[in-house]
Amino acid sequence: MDFTTVKRSSAADELLDKAVRMNYFHDTQRDGVIEHLQFRLVQQDNEDELSTIYSIERDGYPADEAATYEKLKYRIAKASEFFLVVRDVTNTTHYNGIIGYVCSTLVEGALDEESMKVHHPDGTNLCVHSVCVDKPYYRKGIGSLLLRIYLQYVKLLIGYNKAHPKHPASSSVITISTLISKEYLSDLYTHVGYQIVRVSPVVHGKETWIEMVYGF
């Protein structure tokens, strides 16, 4: 697995800041925790940050479903513009206060086990691999807020790339986002605009997955 870092455009960070401003204060579940949240793209070449993310991944998924340390490192190296983290600035137990994240890679064509393994910079299908929040922060609306900000950010990214074809913030014109979900978790995704397509042919762990699509 190639871990050579592909540096992202500074425009991506600026677009994310705009997406946060457009969505963050629309949240209705301001329970004292959400007020302390900050959103940013993942730091590349930071092993402490990677280790914190990996710890949240392991705690959030069964062992046969969680991404490996190497897979997360690969996604950060190759597709950091599609790796959003959320911080609780009051949290002193996690490195940099990181308490959740969304990460994706680009795939070519349909979603299957092979296409999900590698990031294709020219792919038009944004494959969401993980939407994960640390357990003490469950049921506070953070996962939904993460997704809303993330999808708004990708829309801004698409618009920027079309307006700046010679200096895009990423090398792809994304048309859709796809993911696989367990059925009992699908409401999280339909709430932000994903639609159920089919039972997924992807075998991942022991359970059956459904495929969901979001159109940009």
# chains A, B, ... in the order shown; residues from 1 in each chain; ligands from 1
>>> residues_around(residues="region 204-210 of chain A", least_positions_apart="4", cutoff="6 Å", atoms="only C-alpha atoms", output="JSON list (two decimals) with N, CA and C atoms, in the first residue's frame")
[["chain", "number", "residue", "atom", "x", "y", "z"],
["A", 64, "ASP", "N", -14.56, -7.07, 12.65],
["A", 64, "ASP", "CA", -14.51, -7.50, 11.26],
["A", 64, "ASP", "C", -15.04, -6.44, 10.30],
["A", 65, "GLU", "N", -15.40, -5.26, 10.82],
["A", 65, "GLU", "CA", -15.87, -4.18, 9.97],
["A", 65, "GLU", "C", -14.98, -2.94, 10.05],
["A", 180, "ILE", "N", -22.47, 2.13, 1.98],
["A", 180, "ILE", "CA", -23.24, 0.97, 2.41],
["A", 180, "ILE", "C", -23.53, 1.12, 3.89],
["A", 181, "SER", "N", -24.74, 0.73, 4.28],
["A", 181, "SER", "CA", -25.19, 0.92, 5.65],
["A", 181, "SER", "C", -25.99, -0.30, 6.10],
["A", 182, "LYS", "N", -25.95, -0.54, 7.37],
["A", 182, "LYS", "CA", -26.90, -1.50, 7.94],
["A", 182, "LYS", "C", -28.28, -0.85, 7.93],
["A", 198, "ARG", "N", -30.41, -0.58, -3.16],
["A", 198, "ARG", "CA", -30.50, -2.03, -3.27],
["A", 198, "ARG", "C", -29.78, -2.67, -2.09],
["A", 199, "VAL", "N", -29.93, -3.98, -1.98],
["A", 199, "VAL", "CA", -29.07, -4.74, -1.08],
["A", 199, "VAL", "C", -27.69, -4.77, -1.73],
["A", 200, "SER", "N", -26.68, -4.41, -0.96],
["A", 200, "SER", "CA", -25.33, -4.31, -1.53],
["A", 200, "SER", "C", -24.72, -5.68, -1.77]]
>>> residues_around(residues="Ile76 (chain A)", least_positions_apart="5", cutoff="8 Å", atoms="only C-alpha atoms", output="PyMOL selection string")
chain A and resi 5+42-44+83
>>> closest_atom_pairs(of="region 35-105 of chain A", to="region 138-154 of chain A", cutoff="10 Å", atoms="only C-alpha atoms", output="tab-separated table")
residue	atom	partner	partner_atom	distance
A:Leu37	CA	A:Ile142	CA	9.1
A:Phe39	CA	A:Leu146	CA	8.4
A:Glu81	CA	A:Val154	CA	9.4
A:Phe82	CA	A:Val154	CA	8.2
A:Phe83	CA	A:Tyr150	CA	9.0
A:Leu84	CA	A:Tyr150	CA	7.1
A:Val85	CA	A:Leu146	CA	8.4
A:Val86	CA	A:Leu146	CA	7.6
A:Ile99	CA	A:Ile142	CA	9.7
A:Gly100	CA	A:Gly143	CA	8.1
A:Tyr101	CA	A:Leu146	CA	7.4
A:Val102	CA	A:Leu146	CA	7.2
A:Cys103	CA	A:Tyr150	CA	9.4
>>> write_last_selection(atoms="N, CA, C and O atoms", output="short mmCIF file (atom, residue, chain, number, x, y, z; two decimals), in the first residue's frame")
data_model
loop_
_atom_site.label_atom_id
_atom_site.label_comp_id
_atom_site.auth_asym_id
_atom_site.auth_seq_id
_atom_site.Cartn_x
_atom_site.Cartn_y
_atom_site.Cartn_z
N LEU A 37 -17.98 22.43 19.50
CA LEU A 37 -17.42 21.67 18.39
C LEU A 37 -16.72 22.56 17.38
O LEU A 37 -17.15 23.68 17.10
N PHE A 39 -14.83 22.02 13.34
CA PHE A 39 -14.72 21.12 12.20
C PHE A 39 -13.55 21.54 11.32
O PHE A 39 -13.38 22.72 11.03
N GLU A 81 -8.60 15.63 1.39
CA GLU A 81 -9.64 16.63 1.14
C GLU A 81 -11.04 16.07 1.36
O GLU A 81 -12.02 16.82 1.40
N PHE A 82 -11.13 14.74 1.52
CA PHE A 82 -12.41 14.09 1.79
C PHE A 82 -12.43 13.44 3.18
O PHE A 82 -13.19 12.50 3.42
N PHE A 83 -11.62 13.95 4.09
CA PHE A 83 -11.52 13.41 5.44
C PHE A 83 -11.76 14.54 6.44
O PHE A 83 -10.89 15.34 6.73
N LEU A 84 -12.98 14.61 6.95
CA LEU A 84 -13.39 15.67 7.86
C LEU A 84 -13.38 15.15 9.29
O LEU A 84 -13.89 14.07 9.57
N VAL A 85 -12.80 15.93 10.20
CA VAL A 85 -12.81 15.57 11.61
C VAL A 85 -13.56 16.63 12.40
O VAL A 85 -13.66 17.79 12.00
N VAL A 86 -14.13 16.21 13.53
CA VAL A 86 -14.80 17.14 14.44
C VAL A 86 -14.11 17.07 15.79
O VAL A 86 -13.76 15.99 16.27
N ILE A 99 -13.23 13.88 18.25
CA ILE A 99 -14.26 12.98 18.77
C ILE A 99 -15.11 12.36 17.65
O ILE A 99 -16.08 11.64 17.94
N GLY A 100 -14.75 12.60 16.40
CA GLY A 100 -15.49 11.99 15.31
C GLY A 100 -14.94 12.39 13.95
O GLY A 100 -14.09 13.28 13.86
N TYR A 101 -15.44 11.76 12.90
CA TYR A 101 -14.94 12.03 11.56
C TYR A 101 -15.85 11.40 10.50
O TYR A 101 -16.65 10.51 10.77
N VAL A 102 -15.70 11.89 9.28
CA VAL A 102 -16.25 11.28 8.07
C VAL A 102 -15.10 11.15 7.10
O VAL A 102 -14.32 12.11 6.91
N CYS A 103 -14.96 9.98 6.47
CA CYS A 103 -13.90 9.83 5.48
C CYS A 103 -14.40 9.09 4.25
O CYS A 103 -15.26 8.21 4.34
#
>>> residues_around(residues="Cys127 (chain A)", least_positions_apart="2", cutoff="6 Å", atoms="only C-alpha atoms", output="list of chain:residue names")
A:Ser104, A:Thr105, A:Leu106, A:Ser177, A:Thr178, A:Leu179
>>> write_last_selection(atoms="N, CA and C atoms", output="PDB file, in the first residue's frame")
ATOM      1  N   SER A 104     -13.870   9.482   3.099  1.00  0.00           N
ATOM      2  CA  SER A 104     -14.281   8.916   1.817  1.00  0.00           C
ATOM      3  C   SER A 104     -13.086   8.814   0.889  1.00  0.00           C
ATOM      4  N   THR A 105     -13.262   8.029  -0.152  1.00  0.00           N
ATOM      5  CA  THR A 105     -12.351   8.013  -1.289  1.00  0.00           C
ATOM      6  C   THR A 105     -13.189   8.071  -2.560  1.00  0.00           C
ATOM      7  N   LEU A 106     -12.557   8.348  -3.675  1.00  0.00           N
ATOM      8  CA  LEU A 106     -13.245   8.365  -4.959  1.00  0.00           C
ATOM      9  C   LEU A 106     -13.096   7.015  -5.641  1.00  0.00           C
ATOM     10  N   SER A 177     -22.541  10.424  -4.442  1.00  0.00           N
ATOM     11  CA  SER A 177     -21.876   9.811  -3.295  1.00  0.00           C
ATOM     12  C   SER A 177     -22.610   8.515  -2.980  1.00  0.00           C
ATOM     13  N   THR A 178     -21.867   7.459  -2.735  1.00  0.00           N
ATOM     14  CA  THR A 178     -22.471   6.185  -2.369  1.00  0.00           C
ATOM     15  C   THR A 178     -21.879   5.688  -1.057  1.00  0.00           C
ATOM     16  N   LEU A 179     -22.643   4.856  -0.371  1.00  0.00           N
ATOM     17  CA  LEU A 179     -22.173   4.230   0.856  1.00  0.00           C
ATOM     18  C   LEU A 179     -22.968   2.960   1.080  1.00  0.00           C
TER      19      LEU A 179
END
>>> atom_distance(atom1="CA of Phe3 (chain A)", atom2="CA of Thr68 (chain A)")
13.7 Å
>>> atom_distance(atom1="CA of Ala163 (chain A)", atom2="CA of Ile176 (chain A)")
18.8 Å
>>> decode(residues="region 203-215 of chain A", atoms="all heavy atoms", output="CSV table (one decimal), in the first residue's frame")
chain,number,residue,atom,x,y,z
A,203,VAL,N,-19.5,-7.7,0.5
A,203,VAL,CA,-19.5,-8.6,1.7
A,203,VAL,C,-18.5,-7.9,2.7
A,203,VAL,O,-17.3,-7.8,2.4
A,203,VAL,CB,-19.1,-10.0,1.4
A,203,VAL,CG1,-18.9,-10.8,2.7
A,203,VAL,CG2,-20.1,-10.7,0.5
A,204,HIS,N,-19.0,-7.5,3.8
A,204,HIS,CA,-18.1,-6.8,4.8
A,204,HIS,C,-18.6,-7.2,6.2
A,204,HIS,O,-19.6,-6.7,6.7
A,204,HIS,CB,-18.3,-5.3,4.6
A,204,HIS,CG,-17.3,-4.4,5.4
A,204,HIS,ND1,-15.9,-4.6,5.4
A,204,HIS,CD2,-17.5,-3.4,6.2
A,204,HIS,CE1,-15.4,-3.7,6.2
A,204,HIS,NE2,-16.3,-3.0,6.7
A,205,GLY,N,-17.8,-8.0,6.8
A,205,GLY,CA,-18.3,-8.5,8.1
A,205,GLY,C,-19.4,-9.6,7.9
A,205,GLY,O,-19.5,-10.2,6.9
A,206,LYS,N,-20.2,-9.7,9.0
A,206,LYS,CA,-21.2,-10.8,9.0
A,206,LYS,C,-22.6,-10.4,8.5
A,206,LYS,O,-23.4,-11.2,8.2
A,206,LYS,CB,-21.3,-11.4,10.4
A,206,LYS,CG,-20.0,-12.0,10.9
A,206,LYS,CD,-20.2,-12.5,12.3
A,206,LYS,CE,-18.9,-13.1,12.9
A,206,LYS,NZ,-19.0,-13.5,14.3
A,207,GLU,N,-22.9,-9.1,8.5
A,207,GLU,CA,-24.2,-8.6,8.3
A,207,GLU,C,-24.5,-8.2,6.8
A,207,GLU,O,-23.5,-7.9,6.1
A,207,GLU,CB,-24.5,-7.4,9.2
A,207,GLU,CG,-24.5,-7.8,10.7
A,207,GLU,CD,-25.1,-6.8,11.6
A,207,GLU,OE1,-26.2,-6.3,11.2
A,207,GLU,OE2,-24.6,-6.5,12.6
A,208,THR,N,-25.7,-8.1,6.4
A,208,THR,CA,-26.1,-7.7,5.1
A,208,THR,C,-26.2,-6.1,5.1
A,208,THR,O,-26.6,-5.5,6.1
A,208,THR,CB,-27.6,-8.2,4.8
A,208,THR,OG1,-27.5,-9.6,4.8
A,208,THR,CG2,-28.0,-7.7,3.4
A,209,TRP,N,-25.7,-5.6,4.0
A,209,TRP,CA,-25.6,-4.1,3.9
A,209,TRP,C,-26.6,-3.6,2.8
A,209,TRP,O,-26.9,-4.4,1.8
A,209,TRP,CB,-24.2,-3.7,3.6
A,209,TRP,CG,-23.2,-4.1,4.6
A,209,TRP,CD1,-22.7,-5.3,4.8
A,209,TRP,CD2,-22.7,-3.2,5.6
A,209,TRP,NE1,-21.8,-5.2,5.9
A,209,TRP,CE2,-21.8,-4.0,6.4
A,209,TRP,CE3,-22.9,-1.9,5.9
A,209,TRP,CZ2,-21.1,-3.4,7.5
A,209,TRP,CZ3,-22.2,-1.3,7.0
A,209,TRP,CH2,-21.3,-2.1,7.8
A,210,ILE,N,-27.0,-2.4,2.9
A,210,ILE,CA,-27.8,-1.8,1.8
A,210,ILE,C,-27.0,-0.7,1.2
A,210,ILE,O,-26.2,0.0,1.9
A,210,ILE,CB,-29.2,-1.3,2.3
A,210,ILE,CG1,-29.0,-0.3,3.5
A,210,ILE,CG2,-30.1,-2.4,2.7
A,210,ILE,CD1,-30.3,0.4,3.9
A,211,GLU,N,-27.1,-0.5,-0.1
A,211,GLU,CA,-26.4,0.5,-0.8
A,211,GLU,C,-27.3,1.8,-0.9
A,211,GLU,O,-28.5,1.7,-1.1
A,211,GLU,CB,-26.0,0.1,-2.2
A,211,GLU,CG,-25.2,1.1,-2.9
A,211,GLU,CD,-24.7,0.5,-4.2
A,211,GLU,OE1,-24.3,-0.7,-4.3
A,211,GLU,OE2,-24.6,1.3,-5.2
A,212,MET,N,-26.7,2.9,-0.6
A,212,MET,CA,-27.4,4.2,-0.6
A,212,MET,C,-26.7,5.2,-1.5
A,212,MET,O,-25.4,5.2,-1.6
A,212,MET,CB,-27.6,4.7,0.8
A,212,MET,CG,-28.2,3.7,1.8
A,212,MET,SD,-28.5,4.4,3.4
A,212,MET,CE,-29.9,5.5,3.1
A,213,VAL,N,-27.4,6.1,-2.1
A,213,VAL,CA,-26.8,7.0,-3.1
A,213,VAL,C,-27.4,8.5,-2.8
A,213,VAL,O,-28.5,8.7,-2.5
A,213,VAL,CB,-27.2,6.7,-4.5
A,213,VAL,CG1,-26.7,7.7,-5.5
A,213,VAL,CG2,-26.6,5.3,-4.9
A,214,TYR,N,-26.5,9.4,-3.0
A,214,TYR,CA,-26.8,10.8,-2.9
A,214,TYR,C,-26.3,11.5,-4.2
A,214,TYR,O,-25.2,11.4,-4.6
A,214,TYR,CB,-26.0,11.5,-1.7
A,214,TYR,CG,-26.3,12.9,-1.4
A,214,TYR,CD1,-27.2,13.3,-0.4
A,214,TYR,CD2,-25.6,13.9,-2.1
A,214,TYR,CE1,-27.5,14.7,-0.2
A,214,TYR,CE2,-25.8,15.3,-1.9
A,214,TYR,CZ,-26.8,15.6,-0.9
A,214,TYR,OH,-27.0,16.9,-0.7
A,215,GLY,N,-27.2,12.3,-4.8
A,215,GLY,CA,-26.8,12.9,-6.0
A,215,GLY,C,-26.5,14.4,-5.8
A,215,GLY,O,-27.2,15.1,-5.1
